[in-house]
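Everything below belongs to data-v6.pdb, which stores PDB, C-alpha atoms.
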ATOM      1  CA  MET A   1     -24.416  12.641   2.083  1.00  0.00           C
ATOM      2  CA  THR A   2     -21.457  10.276   2.324  1.00  0.00           C
ATOM      3  CA  VAL A   3     -17.941  11.647   2.291  1.00  0.00           C
ATOM      4  CA  GLN A   4     -17.389  10.144  -1.159  1.00  0.00           C
ATOM      5  CA  ASP A   5     -20.447  12.045  -2.427  1.00  0.00           C
ATOM      6  CA  ARG A   6     -19.148  15.239  -0.859  1.00  0.00           C
ATOM      7  CA  ILE A   7     -15.818  14.829  -2.651  1.00  0.00           C
ATOM      8  CA  LYS A   8     -17.583  14.093  -5.946  1.00  0.00           C
ATOM      9  CA  GLU A   9     -19.727  17.183  -5.521  1.00  0.00           C
ATOM     10  CA  THR A  10     -16.719  19.402  -4.785  1.00  0.00           C
ATOM     11  CA  ILE A  11     -14.966  18.163  -7.903  1.00  0.00           C
ATOM     12  CA  ALA A  12     -18.107  18.536 -10.015  1.00  0.00           C
ATOM     13  CA  ASN A  13     -18.729  22.095  -8.844  1.00  0.00           C
ATOM     14  CA  ASN A  14     -15.190  23.383  -9.265  1.00  0.00           C
ATOM     15  CA  ARG A  15     -13.168  23.056 -12.428  1.00  0.00           C
ATOM     16  CA  ILE A  16      -9.855  22.993 -10.586  1.00  0.00           C
ATOM     17  CA  VAL A  17      -9.651  21.577  -7.064  1.00  0.00           C
ATOM     18  CA  LEU A  18      -6.622  21.095  -4.848  1.00  0.00           C
ATOM     19  CA  PHE A  19      -6.990  18.939  -1.740  1.00  0.00           C
ATOM     20  CA  MET A  20      -4.178  20.097   0.485  1.00  0.00           C
ATOM     21  CA  LYS A  21      -2.869  20.370   4.038  1.00  0.00           C
ATOM     22  CA  GLY A  22      -3.504  23.904   5.230  1.00  0.00           C
ATOM     23  CA  THR A  23      -4.636  26.789   3.052  1.00  0.00           C
ATOM     24  CA  PRO A  24      -3.049  28.452   0.025  1.00  0.00           C
ATOM     25  CA  HIS A  25      -1.902  31.280   2.310  1.00  0.00           C
ATOM     26  CA  PHE A  26      -0.679  28.968   5.049  1.00  0.00           C
ATOM     27  CA  PRO A  27       0.214  25.557   3.687  1.00  0.00           C
ATOM     28  CA  GLN A  28       0.989  23.077   6.476  1.00  0.00           C
ATOM     29  CA  CYS A  29       3.194  20.825   4.391  1.00  0.00           C
ATOM     30  CA  GLY A  30       5.943  21.423   1.857  1.00  0.00           C
ATOM     31  CA  PHE A  31       4.327  19.287  -0.820  1.00  0.00           C
ATOM     32  CA  SER A  32       1.028  21.144  -0.532  1.00  0.00           C
ATOM     33  CA  GLY A  33       2.872  24.456  -0.600  1.00  0.00           C
ATOM     34  CA  ARG A  34       4.672  23.446  -3.754  1.00  0.00           C
ATOM     35  CA  ALA A  35       1.416  22.482  -5.487  1.00  0.00           C
ATOM     36  CA  VAL A  36      -0.082  25.881  -4.577  1.00  0.00           C
ATOM     37  CA  GLN A  37       2.981  27.701  -5.907  1.00  0.00           C
ATOM     38  CA  ILE A  38       2.803  25.857  -9.216  1.00  0.00           C
ATOM     39  CA  LEU A  39      -0.898  26.618  -9.669  1.00  0.00           C
ATOM     40  CA  GLN A  40      -0.279  30.253  -8.817  1.00  0.00           C
ATOM     41  CA  ALA A  41       2.622  30.404 -11.243  1.00  0.00           C
ATOM     42  CA  CYS A  42       0.139  29.251 -13.903  1.00  0.00           C
ATOM     43  CA  ASP A  43      -2.324  31.991 -12.854  1.00  0.00           C
ATOM     44  CA  ALA A  44      -4.876  29.260 -12.201  1.00  0.00           C
ATOM     45  CA  GLU A  45      -7.946  29.973 -10.145  1.00  0.00           C
ATOM     46  CA  PHE A  46      -8.607  26.948  -8.024  1.00  0.00           C
ATOM     47  CA  ALA A  47     -10.710  25.750  -5.111  1.00  0.00           C
ATOM     48  CA  ALA A  48      -8.608  24.598  -2.183  1.00  0.00           C
ATOM     49  CA  VAL A  49      -9.874  22.062   0.350  1.00  0.00           C
ATOM     50  CA  ASP A  50      -7.963  21.891   3.633  1.00  0.00           C
ATOM     51  CA  VAL A  51      -7.999  18.217   4.602  1.00  0.00           C
ATOM     52  CA  LEU A  52      -6.613  19.032   8.054  1.00  0.00           C
ATOM     53  CA  ALA A  53      -9.895  20.790   8.800  1.00  0.00           C
ATOM     54  CA  ASP A  54     -11.950  17.683   8.020  1.00  0.00           C
ATOM     55  CA  MET A  55     -10.761  14.215   9.027  1.00  0.00           C
ATOM     56  CA  GLU A  56     -13.466  12.534   6.936  1.00  0.00           C
ATOM     57  CA  ILE A  57     -12.295  14.257   3.784  1.00  0.00           C
ATOM     58  CA  ARG A  58      -8.684  13.594   4.711  1.00  0.00           C
ATOM     59  CA  GLU A  59      -9.245   9.824   4.711  1.00  0.00           C
ATOM     60  CA  GLY A  60     -12.007   9.875   2.101  1.00  0.00           C
ATOM     61  CA  VAL A  61      -9.999  11.570  -0.615  1.00  0.00           C
ATOM     62  CA  LYS A  62      -7.296   8.902  -0.328  1.00  0.00           C
ATOM     63  CA  GLN A  63      -9.870   6.198  -1.037  1.00  0.00           C
ATOM     64  CA  PHE A  64     -11.566   8.260  -3.707  1.00  0.00           C
ATOM     65  CA  SER A  65      -8.494   8.229  -5.943  1.00  0.00           C
ATOM     66  CA  SER A  66      -6.666   5.151  -4.559  1.00  0.00           C
ATOM     67  CA  TRP A  67      -3.885   7.551  -3.707  1.00  0.00           C
ATOM     68  CA  PRO A  68      -2.449   7.505  -0.180  1.00  0.00           C
ATOM     69  CA  THR A  69      -1.130  11.052  -0.009  1.00  0.00           C
ATOM     70  CA  VAL A  70      -2.169  14.701  -0.087  1.00  0.00           C
ATOM     71  CA  PRO A  71      -1.986  17.078  -2.012  1.00  0.00           C
ATOM     72  CA  GLN A  72      -4.207  15.840  -4.820  1.00  0.00           C
ATOM     73  CA  LEU A  73      -5.097  17.912  -7.849  1.00  0.00           C
ATOM     74  CA  TYR A  74      -8.262  17.498  -9.914  1.00  0.00           C
ATOM     75  CA  ILE A  75      -8.977  19.278 -13.187  1.00  0.00           C
ATOM     76  CA  ASP A  76     -12.321  18.910 -14.995  1.00  0.00           C
ATOM     77  CA  GLY A  77     -13.237  16.034 -12.689  1.00  0.00           C
ATOM     78  CA  GLU A  78     -10.073  14.128 -13.509  1.00  0.00           C
ATOM     79  CA  PHE A  79      -7.476  13.165 -10.924  1.00  0.00           C
ATOM     80  CA  ILE A  80      -4.186  14.652 -12.124  1.00  0.00           C
ATOM     81  CA  GLY A  81      -1.816  13.475  -9.411  1.00  0.00           C
ATOM     82  CA  GLY A  82       0.188  14.472  -6.366  1.00  0.00           C
ATOM     83  CA  SER A  83       2.867  17.133  -6.105  1.00  0.00           C
ATOM     84  CA  ASP A  84       5.565  15.176  -7.973  1.00  0.00           C
ATOM     85  CA  ILE A  85       3.352  14.582 -11.000  1.00  0.00           C
ATOM     86  CA  VAL A  86       2.048  18.152 -10.927  1.00  0.00           C
ATOM     87  CA  MET A  87       5.652  19.389 -10.923  1.00  0.00           C
ATOM     88  CA  GLU A  88       6.662  17.129 -13.815  1.00  0.00           C
ATOM     89  CA  MET A  89       3.624  18.222 -15.824  1.00  0.00           C
ATOM     90  CA  TYR A  90       4.343  21.865 -15.068  1.00  0.00           C
ATOM     91  CA  GLN A  91       7.912  21.506 -16.288  1.00  0.00           C
ATOM     92  CA  SER A  92       6.808  19.787 -19.490  1.00  0.00           C
ATOM     93  CA  GLY A  93       4.002  22.284 -20.135  1.00  0.00           C
ATOM     94  CA  GLU A  94       1.280  19.617 -19.933  1.00  0.00           C
ATOM     95  CA  LEU A  95      -0.193  21.155 -16.823  1.00  0.00           C
ATOM     96  CA  GLN A  96      -0.628  24.562 -18.417  1.00  0.00           C
ATOM     97  CA  GLN A  97      -2.538  22.923 -21.274  1.00  0.00           C
ATOM     98  CA  LYS A  98      -4.800  21.027 -18.900  1.00  0.00           C
ATOM     99  CA  LEU A  99      -5.465  24.161 -16.886  1.00  0.00           C
ATOM    100  CA  ALA A 100      -6.321  26.027 -20.070  1.00  0.00           C
ATOM    101  CA  GLY A 101      -8.748  23.253 -20.960  1.00  0.00           C
ATOM    102  CA  ARG A 102      -6.821  22.105 -23.994  1.00  0.00           C
ATOM    103  CA  PRO A 103      -6.189  18.424 -24.597  1.00  0.00           C
ATOM    104  CA  ALA A 104      -2.510  17.501 -24.319  1.00  0.00           C
ATOM    105  CA  ALA A 105      -0.790  17.709 -27.700  1.00  0.00           C
TER     106      ALA A 105
ATOM    107  CA  MET B   1      13.048   5.550  12.209  1.00  0.00           C
ATOM    108  CA  VAL B   2      12.877   4.337   8.639  1.00  0.00           C
ATOM    109  CA  ASN B   3      16.099   4.412   6.722  1.00  0.00           C
ATOM    110  CA  PRO B   4      16.246   4.941   2.964  1.00  0.00           C
ATOM    111  CA  ASN B   5      17.528   1.424   2.388  1.00  0.00           C
ATOM    112  CA  ASP B   6      14.404  -0.051   4.017  1.00  0.00           C
ATOM    113  CA  ILE B   7      12.217   1.776   1.533  1.00  0.00           C
ATOM    114  CA  LYS B   8      14.441   0.744  -1.347  1.00  0.00           C
ATOM    115  CA  LEU B   9      14.094  -2.887  -0.265  1.00  0.00           C
ATOM    116  CA  TRP B  10      10.320  -2.681   0.184  1.00  0.00           C
ATOM    117  CA  ILE B  11       9.825  -1.197  -3.256  1.00  0.00           C
ATOM    118  CA  GLU B  12      12.166  -3.706  -4.876  1.00  0.00           C
ATOM    119  CA  GLN B  13      10.374  -6.575  -3.151  1.00  0.00           C
ATOM    120  CA  GLY B  14       6.976  -5.347  -4.283  1.00  0.00           C
ATOM    121  CA  LEU B  15       7.871  -4.384  -7.842  1.00  0.00           C
ATOM    122  CA  GLU B  16       9.560  -6.964  -9.988  1.00  0.00           C
ATOM    123  CA  ARG B  17      12.913  -5.939 -11.510  1.00  0.00           C
ATOM    124  CA  ALA B  18      12.601  -2.439 -10.079  1.00  0.00           C
ATOM    125  CA  GLN B  19      15.750  -0.432  -9.456  1.00  0.00           C
ATOM    126  CA  VAL B  20      15.545   2.211  -6.801  1.00  0.00           C
ATOM    127  CA  ASP B  21      17.829   5.102  -6.058  1.00  0.00           C
ATOM    128  CA  ILE B  22      16.763   6.805  -2.860  1.00  0.00           C
ATOM    129  CA  GLU B  23      17.913   9.351  -0.349  1.00  0.00           C
ATOM    130  CA  GLY B  24      16.280  10.717   2.762  1.00  0.00           C
ATOM    131  CA  ASP B  25      16.638  11.826   6.352  1.00  0.00           C
ATOM    132  CA  GLY B  26      14.187   9.453   8.060  1.00  0.00           C
ATOM    133  CA  GLN B  27      11.235  11.783   7.511  1.00  0.00           C
ATOM    134  CA  HIS B  28      11.429  12.932   3.922  1.00  0.00           C
ATOM    135  CA  PHE B  29      12.579  10.691   1.133  1.00  0.00           C
ATOM    136  CA  SER B  30      13.248  11.233  -2.514  1.00  0.00           C
ATOM    137  CA  ALA B  31      13.362   8.247  -4.864  1.00  0.00           C
ATOM    138  CA  VAL B  32      13.975   7.531  -8.517  1.00  0.00           C
ATOM    139  CA  ILE B  33      12.376   4.233  -9.504  1.00  0.00           C
ATOM    140  CA  VAL B  34      13.089   2.465 -12.768  1.00  0.00           C
ATOM    141  CA  CYS B  35      10.935  -0.542 -13.630  1.00  0.00           C
ATOM    142  CA  PRO B  36      10.095  -2.337 -16.899  1.00  0.00           C
ATOM    143  CA  ASP B  37       6.492  -2.842 -15.723  1.00  0.00           C
ATOM    144  CA  PHE B  38       5.957   0.938 -15.880  1.00  0.00           C
ATOM    145  CA  SER B  39       5.858   0.910 -19.668  1.00  0.00           C
ATOM    146  CA  GLY B  40       2.439   1.662 -21.093  1.00  0.00           C
ATOM    147  CA  LYS B  41       1.226   2.971 -17.737  1.00  0.00           C
ATOM    148  CA  SER B  42       0.236   6.537 -16.909  1.00  0.00           C
ATOM    149  CA  ARG B  43       2.255   8.440 -14.321  1.00  0.00           C
ATOM    150  CA  ILE B  44      -0.611   8.070 -11.877  1.00  0.00           C
ATOM    151  CA  GLN B  45      -0.639   4.303 -12.380  1.00  0.00           C
ATOM    152  CA  GLN B  46       3.144   4.145 -11.984  1.00  0.00           C
ATOM    153  CA  HIS B  47       3.017   5.991  -8.681  1.00  0.00           C
ATOM    154  CA  GLN B  48       0.090   3.833  -7.571  1.00  0.00           C
ATOM    155  CA  MET B  49       2.193   0.725  -8.252  1.00  0.00           C
ATOM    156  CA  VAL B  50       4.912   2.071  -5.968  1.00  0.00           C
ATOM    157  CA  TYR B  51       2.368   2.997  -3.302  1.00  0.00           C
ATOM    158  CA  GLN B  52       0.933  -0.513  -3.562  1.00  0.00           C
ATOM    159  CA  ALA B  53       4.368  -2.023  -3.057  1.00  0.00           C
ATOM    160  CA  LEU B  54       4.744   0.042   0.104  1.00  0.00           C
ATOM    161  CA  GLY B  55       1.206  -0.754   1.281  1.00  0.00           C
ATOM    162  CA  GLU B  56       0.362   0.112   4.866  1.00  0.00           C
ATOM    163  CA  ARG B  57       3.851   1.447   5.476  1.00  0.00           C
ATOM    164  CA  MET B  58       2.902   4.441   3.404  1.00  0.00           C
ATOM    165  CA  LYS B  59       0.305   5.343   6.029  1.00  0.00           C
ATOM    166  CA  SER B  60       2.224   4.581   9.185  1.00  0.00           C
ATOM    167  CA  GLN B  61       5.966   4.749   8.697  1.00  0.00           C
ATOM    168  CA  ILE B  62       6.685   6.962   5.730  1.00  0.00           C
ATOM    169  CA  HIS B  63       5.832  10.591   6.245  1.00  0.00           C
ATOM    170  CA  ALA B  64       6.788  11.995   2.899  1.00  0.00           C
ATOM    171  CA  LEU B  65       8.037  10.314  -0.224  1.00  0.00           C
ATOM    172  CA  SER B  66       8.796  12.218  -3.371  1.00  0.00           C
ATOM    173  CA  MET B  67       9.297  10.083  -6.441  1.00  0.00           C
ATOM    174  CA  ARG B  68      10.082   9.979 -10.118  1.00  0.00           C
ATOM    175  CA  THR B  69       9.106   6.880 -12.045  1.00  0.00           C
ATOM    176  CA  LEU B  70      10.789   5.871 -15.293  1.00  0.00           C
ATOM    177  CA  THR B  71      10.874   2.933 -17.665  1.00  0.00           C
ATOM    178  CA  PRO B  72      14.352   1.565 -18.451  1.00  0.00           C
ATOM    179  CA  ASP B  73      14.149   3.243 -21.889  1.00  0.00           C
ATOM    180  CA  GLN B  74      13.360   6.641 -20.391  1.00  0.00           C
ATOM    181  CA  TRP B  75      16.124   6.136 -17.875  1.00  0.00           C
ATOM    182  CA  ALA B  76      18.658   5.299 -20.585  1.00  0.00           C
ATOM    183  CA  LYS B  77      17.662   8.398 -22.548  1.00  0.00           C
ATOM    184  CA  GLU B  78      18.148  10.568 -19.496  1.00  0.00           C
ATOM    185  CA  GLN B  79      21.586   9.152 -18.999  1.00  0.00           C
ATOM    186  CA  GLY B  80      22.423  10.231 -22.509  1.00  0.00           C
ATOM    187  CA  GLU B  81      22.944   6.690 -23.690  1.00  0.00           C
ATOM    188  CA  ASP B  82      22.027   5.869 -27.208  1.00  0.00           C
ATOM    189  CA  PRO B  83      20.058   2.609 -27.120  1.00  0.00           C
ATOM    190  CA  GLU B  84      21.655   1.603 -30.418  1.00  0.00           C
TER     191      GLU B  84
END

Encoded form using C-alpha coordinates:
Amino acid sequence: MTVQDRIKETIANNRIVLFMKGTPHFPQCGFSGRAVQILQACDAEFAAVDVLADMEIREGVKQFSSWPTVPQLYIDGEFIGGSDIVMEMYQSGELQQKLAGRPAA
Amino acid sequence: MVNPNDIKLWIEQGLERAQVDIEGDGQHFSAVIVCPDFSGKSRIQQHQMVYQALGERMKSQIHALSMRTLTPDQWAKEQGEDPE
(Lines of atoms letter the chains of each structure in order from A and count residues from 1; the text may use other names and numbers.)
(Lines give C-alpha, C1' and ligand atoms only; values in the text may rest on other atoms or scores of the structure.)
Protein backbone atom coordinates (compact mmCIF):
# COMPACT_ATOMS: atom_id res chain seq x y z
CA MET A 1 0.00 0.00 0.00
CA THR A 2 1.38 3.43 -0.87
CA VAL A 3 1.60 6.10 1.79
CA GLN A 4 -1.17 8.05 0.08
CA ASP A 5 -3.42 4.97 0.31
CA ARG A 6 -2.55 4.57 3.97
CA ILE A 7 -3.55 8.18 4.66
CA LYS A 8 -6.79 7.74 2.70
CA GLU A 9 -7.58 4.60 4.67
CA THR A 10 -6.94 6.30 8.02
CA ILE A 11 -9.26 9.15 7.08
CA ALA A 12 -11.91 6.76 5.77
CA ASN A 13 -11.85 4.62 8.90
CA ASN A 14 -11.97 7.44 11.43
CA ARG A 15 -14.52 10.21 11.42
CA ILE A 16 -12.18 12.71 13.04
CA VAL A 17 -8.43 12.46 12.46
CA LEU A 18 -5.66 14.76 13.65
CA PHE A 19 -2.21 14.37 12.11
CA MET A 20 0.09 15.88 14.68
CA LYS A 21 3.62 16.01 16.08
CA GLY A 22 3.70 13.86 19.19
CA THR A 23 0.68 12.40 20.93
CA PRO A 24 -2.35 14.03 22.55
CA HIS A 25 -0.73 13.44 25.95
CA PHE A 26 2.69 14.63 24.85
CA PRO A 27 2.46 17.01 21.92
CA GLN A 28 5.90 17.85 20.50
CA CYS A 29 4.90 21.18 19.03
CA GLY A 30 2.83 24.10 20.25
CA PHE A 31 0.57 24.13 17.21
CA SER A 32 -0.23 20.44 17.57
CA GLY A 33 -0.85 20.92 21.28
CA ARG A 34 -3.25 23.74 20.57
CA ALA A 35 -5.21 21.63 18.07
CA VAL A 36 -5.51 18.83 20.66
CA GLN A 37 -6.72 21.27 23.31
CA ILE A 38 -9.40 22.65 21.02
CA LEU A 39 -10.68 19.19 20.11
CA GLN A 40 -10.72 18.22 23.76
CA ALA A 41 -12.55 21.41 24.66
CA CYS A 42 -15.21 20.31 22.15
CA ASP A 43 -15.37 16.84 23.78
CA ALA A 44 -14.48 15.36 20.41
CA GLU A 45 -13.26 11.81 20.15
CA PHE A 46 -10.57 11.73 17.53
CA ALA A 47 -7.86 9.50 16.10
CA ALA A 48 -4.41 11.02 16.44
CA VAL A 49 -1.56 10.11 14.09
CA ASP A 50 1.93 11.01 15.29
CA VAL A 51 3.82 12.03 12.15
CA LEU A 52 7.12 12.07 14.04
CA ALA A 53 6.78 8.30 14.41
CA ASP A 54 6.50 7.78 10.65
CA MET A 55 8.58 9.81 8.20
CA GLU A 56 6.56 8.55 5.22
CA ILE A 57 3.33 9.82 6.70
CA ARG A 58 5.02 13.04 7.75
CA GLU A 59 5.91 13.89 4.14
CA GLY A 60 2.94 12.09 2.60
CA VAL A 61 0.27 14.01 4.47
CA LYS A 62 1.72 17.30 3.24
CA GLN A 63 1.31 16.16 -0.36
CA PHE A 64 -2.06 14.61 0.33
CA SER A 65 -3.63 17.97 1.17
CA SER A 66 -1.19 20.33 -0.60
CA TRP A 67 -0.52 21.74 2.83
CA PRO A 68 3.09 22.10 3.99
CA THR A 69 2.55 21.97 7.74
CA VAL A 70 1.33 19.76 10.57
CA PRO A 71 -1.09 19.59 12.44
CA GLN A 72 -3.82 18.79 9.94
CA LEU A 73 -7.40 18.06 10.90
CA TYR A 74 -9.81 15.92 8.88
CA ILE A 75 -13.51 15.52 9.61
CA ASP A 76 -15.71 13.14 7.60
CA GLY A 77 -12.93 12.73 5.05
CA GLU A 78 -12.64 16.46 4.50
CA PHE A 79 -9.48 18.44 5.14
CA ILE A 80 -10.43 21.17 7.61
CA GLY A 81 -7.13 22.99 8.00
CA GLY A 82 -4.15 23.62 10.24
CA SER A 83 -4.13 25.00 13.77
CA ASP A 84 -4.91 28.61 12.79
CA ILE A 85 -8.01 27.65 10.83
CA VAL A 86 -9.12 25.19 13.51
CA MET A 87 -8.80 27.97 16.09
CA GLU A 88 -10.77 30.45 13.98
CA MET A 89 -13.50 27.88 13.37
CA TYR A 90 -13.62 27.02 17.06
CA GLN A 91 -14.05 30.67 17.98
CA SER A 92 -16.83 31.14 15.44
CA GLY A 93 -18.59 27.91 16.41
CA GLU A 94 -18.18 26.37 12.95
CA LEU A 95 -15.90 23.68 14.26
CA GLN A 96 -18.39 22.50 16.86
CA GLN A 97 -21.00 22.13 14.11
CA LYS A 98 -18.65 20.15 11.90
CA LEU A 99 -17.68 17.90 14.78
CA ALA A 100 -21.35 17.32 15.55
CA GLY A 101 -21.89 16.37 11.92
CA ARG A 102 -24.12 19.31 11.16
CA PRO A 103 -23.61 21.35 8.01
CA ALA A 104 -22.45 24.90 8.74
CA ALA A 105 -25.41 27.27 9.04
CA MET B 1 18.09 33.38 10.73
CA VAL B 2 15.00 34.61 8.95
CA ASN B 3 13.73 37.98 10.00
CA PRO B 4 10.05 38.92 9.89
CA ASN B 5 10.66 41.48 7.16
CA ASP B 6 12.04 38.77 4.84
CA ILE B 7 8.82 36.82 5.16
CA LYS B 8 6.75 39.95 4.64
CA LEU B 9 8.67 40.65 1.43
CA TRP B 10 8.38 37.08 0.15
CA ILE B 11 4.64 37.02 0.68
CA GLU B 12 4.18 40.44 -0.89
CA GLN B 13 6.26 39.40 -3.89
CA GLY B 14 4.26 36.22 -4.38
CA LEU B 15 0.79 37.63 -3.77
CA GLU B 16 -0.27 40.63 -5.76
CA ARG B 17 -1.39 43.68 -3.73
CA ALA B 18 -1.01 41.76 -0.48
CA GLN B 19 -0.40 43.70 2.72
CA VAL B 20 1.39 41.87 5.46
CA ASP B 21 1.73 42.68 9.12
CA ILE B 22 4.13 40.27 10.76
CA GLU B 23 6.04 39.72 13.95
CA GLY B 24 8.34 36.94 15.04
CA ASP B 25 11.51 35.91 16.80
CA GLY B 26 13.33 34.11 13.97
CA GLN B 27 11.67 30.78 14.76
CA HIS B 28 8.00 31.50 15.24
CA PHE B 29 6.15 34.07 13.22
CA SER B 30 2.66 35.45 13.35
CA ALA B 31 1.24 37.24 10.31
CA VAL B 32 -1.92 39.02 9.29
CA ILE B 33 -2.27 39.03 5.51
CA VAL B 34 -4.77 41.17 3.65
CA CYS B 35 -5.17 40.54 -0.07
CA PRO B 36 -7.95 41.30 -2.59
CA ASP B 37 -7.34 37.94 -4.31
CA PHE B 38 -8.58 36.16 -1.17
CA SER B 39 -12.18 37.09 -1.90
CA GLY B 40 -14.33 34.13 -2.87
CA LYS B 41 -11.71 31.69 -1.61
CA SER B 42 -12.04 29.31 1.32
CA ARG B 43 -9.73 29.75 4.30
CA ILE B 44 -7.83 26.66 3.22
CA GLN B 45 -7.31 28.12 -0.25
CA GLN B 46 -6.23 31.45 1.22
CA HIS B 47 -3.61 29.80 3.40
CA GLN B 48 -2.50 27.66 0.46
CA MET B 49 -1.95 30.83 -1.58
CA VAL B 50 0.34 32.18 1.13
CA TYR B 51 2.17 28.86 1.38
CA GLN B 52 2.60 28.90 -2.39
CA ALA B 53 4.08 32.38 -2.25
CA LEU B 54 6.60 31.13 0.30
CA GLY B 55 7.30 27.94 -1.66
CA GLU B 56 10.32 25.92 -0.61
CA ARG B 57 11.17 28.40 2.12
CA MET B 58 8.24 27.03 4.06
CA LYS B 59 10.03 23.69 4.26
CA SER B 60 13.57 24.84 4.91
CA GLN B 61 13.72 28.26 6.50
CA ILE B 62 10.45 28.90 8.27
CA HIS B 63 9.83 26.70 11.26
CA ALA B 64 6.45 27.95 12.33
CA LEU B 65 4.16 30.50 10.79
CA SER B 66 0.81 31.34 12.26
CA MET B 67 -1.45 33.37 10.02
CA ARG B 68 -4.77 35.08 9.61
CA THR B 69 -5.95 35.83 6.10
CA LEU B 70 -8.47 38.56 5.32
CA THR B 71 -9.93 40.32 2.31
CA PRO B 72 -9.70 44.13 2.38
CA ASP B 73 -13.44 44.27 3.20
CA GLN B 74 -13.05 41.95 6.18
CA TRP B 75 -10.05 43.93 7.30
CA ALA B 76 -11.95 47.22 7.11
CA LYS B 77 -14.80 45.74 9.14
CA GLU B 78 -12.40 44.59 11.81
CA GLN B 79 -10.94 48.04 12.04
CA GLY B 80 -14.41 49.34 12.74
CA GLU B 81 -14.50 51.39 9.57
CA ASP B 82 -17.78 51.80 7.85
CA PRO B 83 -17.19 51.17 4.14
CA GLU B 84 -19.77 53.84 3.32

Can you tell me which residues surround stretch 42-54 of chain B at a distance of at most 6 Å, considering all atoms listed in the file, apart from same-chain residues fewer than 2 positions away, and format the answer as a CSV table (one decimal) with C-alpha atoms, in the coordinates of the input?
chain,number,residue,atom,x,y,z
B,11,ILE,CA,9.8,-1.2,-3.3
B,14,GLY,CA,7.0,-5.3,-4.3
B,38,PHE,CA,6.0,0.9,-15.9
B,57,ARG,CA,3.9,1.4,5.5
B,58,MET,CA,2.9,4.4,3.4

For the file shown, what are the residues hit by the PyMOL selection byres ((chain A) within 8 of (chain B)), laid out as a short mmCIF file (atom, residue, chain, number, x, y, z; two decimals) with C-alpha atoms, in the frame of the given file?
data_model
loop_
_atom_site.label_atom_id
_atom_site.label_comp_id
_atom_site.auth_asym_id
_atom_site.auth_seq_id
_atom_site.Cartn_x
_atom_site.Cartn_y
_atom_site.Cartn_z
CA SER A 66 -6.67 5.15 -4.56
CA TRP A 67 -3.88 7.55 -3.71
CA PRO A 68 -2.45 7.50 -0.18
CA ILE A 80 -4.19 14.65 -12.12
CA GLY A 81 -1.82 13.48 -9.41
CA ASP A 84 5.56 15.18 -7.97
CA ILE A 85 3.35 14.58 -11.00
#

Could you list, as JSON, numbers by chain, every residue within 10 Å of B:Pro4, counting all atoms listed in the file and ignoring same-chain residues fewer than 3 positions away?
{"B": [1, 7, 8, 9, 21, 22, 23, 24, 25, 26, 27, 28, 29, 30, 31]}

Hey, can you spit out that residue selection with C-alpha atoms as an mmCIF file, keeping the file's coordinate frame?
data_model
loop_
_atom_site.group_PDB
_atom_site.id
_atom_site.type_symbol
_atom_site.label_atom_id
_atom_site.label_comp_id
_atom_site.auth_asym_id
_atom_site.auth_seq_id
_atom_site.Cartn_x
_atom_site.Cartn_y
_atom_site.Cartn_z
ATOM 1 C CA MET B 1 13.048 5.550 12.209
ATOM 2 C CA ILE B 7 12.217 1.776 1.533
ATOM 3 C CA LYS B 8 14.441 0.744 -1.347
ATOM 4 C CA LEU B 9 14.094 -2.887 -0.265
ATOM 5 C CA ASP B 21 17.829 5.102 -6.058
ATOM 6 C CA ILE B 22 16.763 6.805 -2.860
ATOM 7 C CA GLU B 23 17.913 9.351 -0.349
ATOM 8 C CA GLY B 24 16.280 10.717 2.762
ATOM 9 C CA ASP B 25 16.638 11.826 6.352
ATOM 10 C CA GLY B 26 14.187 9.453 8.060
ATOM 11 C CA GLN B 27 11.235 11.783 7.511
ATOM 12 C CA HIS B 28 11.429 12.932 3.922
ATOM 13 C CA PHE B 29 12.579 10.691 1.133
ATOM 14 C CA SER B 30 13.248 11.233 -2.514
ATOM 15 C CA ALA B 31 13.362 8.247 -4.864
#

So how far away is atom CA of A:Cys42 from atom CA of A:Glu94, in Å?
11.4 Å

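For the structure in this document, the set picked by the PyMOL selection byres ((chain B and resi 71) around 6) is B:Val34, B:Cys35, B:Pro36, B:Phe38, B:Ser39, B:Leu70, B:Pro72, B:Asp73, B:Gln74.
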
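The gap separating atom CA of A:Arg6 from atom CA of A:Phe31 is 23.8 Å, in Å to one decimal.
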
Please evaluate the PyMOL selection byres ((chain A and resi 33) around 12) against the structure above and give the resulting residues as a ChimeraX atom specification.
/A:18-32,34-40,48,50,70-72,82-83,87

Excluding stretch 57-61 of chain A and its own-chain neighbours fewer than 6 positions away, which residues fall within 8 Å of it when counting all atoms listed in the file? Please give them as a PDB file with C-alpha atoms, keeping the file's coordinate frame.
ATOM      1  CA  VAL A   3     -17.941  11.647   2.291  1.00  0.00           C
ATOM      2  CA  GLN A   4     -17.389  10.144  -1.159  1.00  0.00           C
ATOM      3  CA  ILE A   7     -15.818  14.829  -2.651  1.00  0.00           C
ATOM      4  CA  VAL A  51      -7.999  18.217   4.602  1.00  0.00           C
ATOM      5  CA  TRP A  67      -3.885   7.551  -3.707  1.00  0.00           C
TER       6      TRP A  67
END

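Atom CA of A:Glu78 sits 10.2 Å away from atom CA of A:Lys98.
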